[in-house]
Structure formats: C-alpha cells, structure tokens
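Structure file query-v7.txt; described as compact mmCIF, C-alpha atoms.
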# COMPACT_ATOMS: atom_id res chain seq x y z
CA MET A 1 145.55 105.78 20.83
CA SER A 2 147.53 105.67 17.68
CA GLU A 3 147.24 108.22 14.97
CA LYS A 4 145.12 106.17 12.64
CA GLY A 5 142.40 105.43 15.20
CA VAL A 6 143.53 101.92 15.78
CA VAL A 7 143.82 100.76 19.34
CA THR A 8 146.72 98.56 20.22
CA ILE A 9 146.51 95.46 22.33
CA GLU A 10 148.64 97.07 25.04
CA GLU A 11 146.23 99.96 25.27
CA ILE A 12 143.28 97.58 25.49
CA GLN A 13 145.03 95.54 28.15
CA ALA A 14 145.90 98.73 30.08
CA ARG A 15 142.29 99.89 29.88
CA GLN A 16 141.12 96.44 30.87
CA GLU A 17 143.43 96.46 33.90
CA GLU A 18 142.26 99.97 34.82
CA ILE A 19 138.61 98.90 34.53
CA SER A 20 139.40 95.77 36.59
CA ARG A 21 140.98 97.95 39.30
CA GLN A 22 137.99 100.28 39.24
CA LEU A 23 135.60 97.29 39.37
CA GLN A 24 137.61 95.86 42.27
CA ALA A 25 137.38 99.22 44.08
CA MET A 26 133.68 99.40 43.32
CA SER A 27 133.21 95.80 44.43
CA THR A 28 134.82 96.66 47.75
CA GLU A 29 132.62 99.72 48.05
CA PHE A 30 129.50 97.69 47.14
CA THR A 31 130.45 95.08 49.74
CA ARG A 32 130.88 97.85 52.33
CA LEU A 33 127.56 99.42 51.35
CA ALA A 34 125.82 96.02 51.47
CA ALA A 35 127.24 95.41 54.96
CA GLU A 36 126.10 98.90 56.06
CA SER A 37 122.68 98.23 54.56
CA ILE A 38 122.39 94.95 56.47
CA ALA A 39 123.51 96.69 59.67
CA ASP A 40 121.03 99.52 59.06
CA GLN A 41 118.23 97.01 58.44
CA ALA A 42 119.11 95.22 61.69
CA ARG A 43 119.11 98.56 63.54
CA PHE A 44 115.79 99.50 61.96
CA LYS A 45 114.25 96.17 63.00
CA LEU A 46 115.62 96.68 66.50
CA ILE A 47 114.14 100.19 66.60
CA GLU A 48 110.78 98.84 65.37
CA GLN A 49 110.85 96.14 68.07
CA GLN A 50 111.73 98.71 70.73
CA GLY A 51 108.92 100.94 69.48
CA GLU A 52 106.44 98.06 69.73
CA ARG A 53 107.76 97.19 73.18
CA HIS A 54 107.46 100.83 74.28
CA GLU A 55 103.91 100.98 72.95
CA ALA A 56 103.04 97.82 74.89
CA GLU A 57 104.62 99.29 78.03
CA ILE A 58 102.68 102.52 77.54
CA ARG A 59 99.44 100.53 77.22
CA GLU A 60 100.32 98.65 80.42
CA LEU A 61 101.09 101.94 82.18
CA LYS A 62 97.77 103.39 81.04
CA ASP A 63 95.95 100.28 82.25
CA SER A 64 97.72 100.32 85.60
CA THR A 65 97.05 104.06 85.90
CA ARG A 66 93.35 103.44 85.32
CA LEU A 67 93.38 100.68 87.94
CA MET A 68 95.23 102.92 90.38
CA GLN A 69 92.70 105.69 89.74
CA ILE A 70 89.81 103.28 90.42
CA GLN A 71 91.52 102.08 93.60
CA PHE A 72 92.19 105.68 94.63
CA GLU A 73 88.54 106.56 94.13
CA GLN A 74 87.51 103.52 96.19
CA VAL A 75 89.91 104.49 98.98
CA MET A 76 88.67 108.08 98.92
CA SER A 77 85.08 106.84 99.05
CA LYS A 78 85.91 104.69 102.06
CA ILE A 79 87.70 107.62 103.71
CA ASP A 80 84.67 109.82 103.07
CA THR A 81 82.41 107.15 104.57
CA LEU A 82 84.72 106.81 107.58
CA GLU A 83 84.85 110.58 107.95
CA MET A 84 81.05 110.75 107.91
CA LYS A 85 80.81 107.95 110.48
CA LEU A 86 83.35 109.70 112.72
CA PHE A 87 81.47 112.98 112.40
CA ASN A 88 78.18 111.28 113.28
CA TRP A 89 79.84 109.48 116.21
CA LEU A 90 81.34 112.73 117.49
CA GLN A 91 78.01 114.52 117.12
CA GLN A 92 76.21 111.69 118.94
CA SER A 93 78.90 111.67 121.61
CA GLN A 94 78.47 115.39 122.17
CA GLN A 95 74.70 114.98 122.37
CA ASP A 96 75.09 112.08 124.82
CA SER A 97 77.57 114.13 126.82
CA ALA A 98 75.12 117.05 126.95
CA LYS A 99 72.37 114.66 128.09
CA GLU A 100 74.68 113.23 130.75
CA ARG A 101 75.55 116.72 131.99
CA THR A 102 71.88 117.64 132.11
CA THR A 103 71.06 114.42 133.96
CA SER A 104 73.99 114.95 136.31
CA GLN A 105 72.94 118.54 136.95
CA LYS A 106 69.38 117.42 137.67
CA GLN A 107 70.67 114.83 140.13
CA TRP A 108 72.83 117.44 141.89
CA MET A 109 69.89 119.82 142.03
CA GLN A 110 67.72 117.10 143.55
CA PHE A 111 70.46 116.29 146.06
CA LEU A 112 70.87 119.98 146.88
CA GLN A 113 67.09 120.34 147.32
CA PHE A 114 67.12 117.28 149.56
CA VAL A 115 70.00 118.65 151.64
CA LEU A 116 68.49 122.13 151.85
CA GLY A 117 65.04 120.70 152.64
CA GLY A 118 66.54 118.46 155.31
CA THR A 119 68.48 121.39 156.75
CA ILE A 120 65.36 123.55 156.84
CA VAL A 121 63.38 120.73 158.45
CA ALA A 122 66.18 120.24 161.00
CA ILE A 123 66.29 123.96 161.79
CA VAL A 124 62.51 124.21 162.09
CA THR A 125 62.47 121.08 164.23
CA TYR A 126 65.27 122.49 166.37
CA VAL A 127 63.47 125.80 166.76
CA PHE A 128 60.18 124.13 167.72
CA THR A 129 61.79 121.59 170.03
CA ARG A 130 63.70 124.29 171.89
CA GLY A 131 60.53 125.95 172.64
CA GLY A 132 60.51 128.61 170.21

How does the structure come out when it is put into structure tokens?
Amino acid sequence: MSEKGVVTIEEIQARQEEISRQLQAMSTEFTRLAAESIADQARFKLIEQQGERHEAEIRELKDSTRLMQIQFEQVMSKIDTLEMKLFNWLQQSQQDSAKERTTSQKQWMQFLQFVLGGTIVAIVTYVFTRGG
C-alpha cells in the first residue's frame, strides 16, 4: 500500500491474482473433498447393504438352527423309541429263552425218568425171569 492509503491498480491486480490462486487451490481441494465424500457415501451404502445382508443371513441361520434342533429332537425321540423297543425285545427274548430252557429241562427230565423207569423195569423183569 502506498503512504496515503490509496491502493494502486497493480496491488489490486496482485491481490486479485493471489486470491484467484487461493480460490483455484481451494477449488481443487473442494473437488477432492467432494470426490472423497462421494466415495465415502458409496462405501457407507455398501456397508449398510452388507449389514442388511448379514442380518438376513443371521435370520436364515437362526431359522435353520431351529429346524435342525426340531429334526434333532425328532431323531432322538425315534432313537429313544427304538431303544425302548430293543430293550423290550431283548427282555422278551430272555424270558422266551428261559421258558425254552425250562421246557427243555422238563423234557430231558421226562426222558431221563422214562429211561430210568425202563431200566428199572428191565432189571426187575430180568431178575424175575431168571428165577430170582
């Protein structure tokens, strides 16, 4: 500035050029910031979409887990039923086997009585026929 407070045209033009350069630098910075903002918005939308997709997948996993739990309970129920049937079958088989052994033992005892009775009758007959 000049001494009298009057600004010369050269000074105004120099200030105008300096302000233009600063505006140009700021314009470049604003353009960069706008591009970053657009990129950040796109990333944010992508993150929101991924979050929604993850929530949907979590719901599907929960549903499939519930279904698997129901199926597991059904399978365990069927296994319990099968186990009970096998236990009853084994118990019945053991009872039948005990009955068969008892019946078999009775038959052997009857056979043994028959053989012993026949032997005694044969001996007595032999003794009496020999003149005893």

Next on the checklist: Rounded to one decimal, what separation in Å do you get between CA of Glu48 in chain A and CA of Glu60 in chain A?
Outcome noted: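 Going from CA of Glu48 in chain A over to CA of Glu60 in chain A, I get 18.3 Å.
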
Around all the atoms of range 35-46 of chain A listed in the file, with 6 Å of room on each side, what axis-aligned box do you get, giving centre and edge lengths in Å to one decimal, as lines of an AutoDock Vina configuration file?
center_x = 120.7
center_y = 97.2
center_z = 60.5
size_x = 25.0
size_y = 16.6
size_z = 23.9

Checklist entry - What is the distance, in Å and to one decimal place, between CA of Gln91 in chain A and CA of Ser104 in chain A? => result 19.6 Å

Item to check | Atom pair CA of Glu18 in chain A / CA of Val6 in chain A: separation (Å) | outcome: 19.2 Å
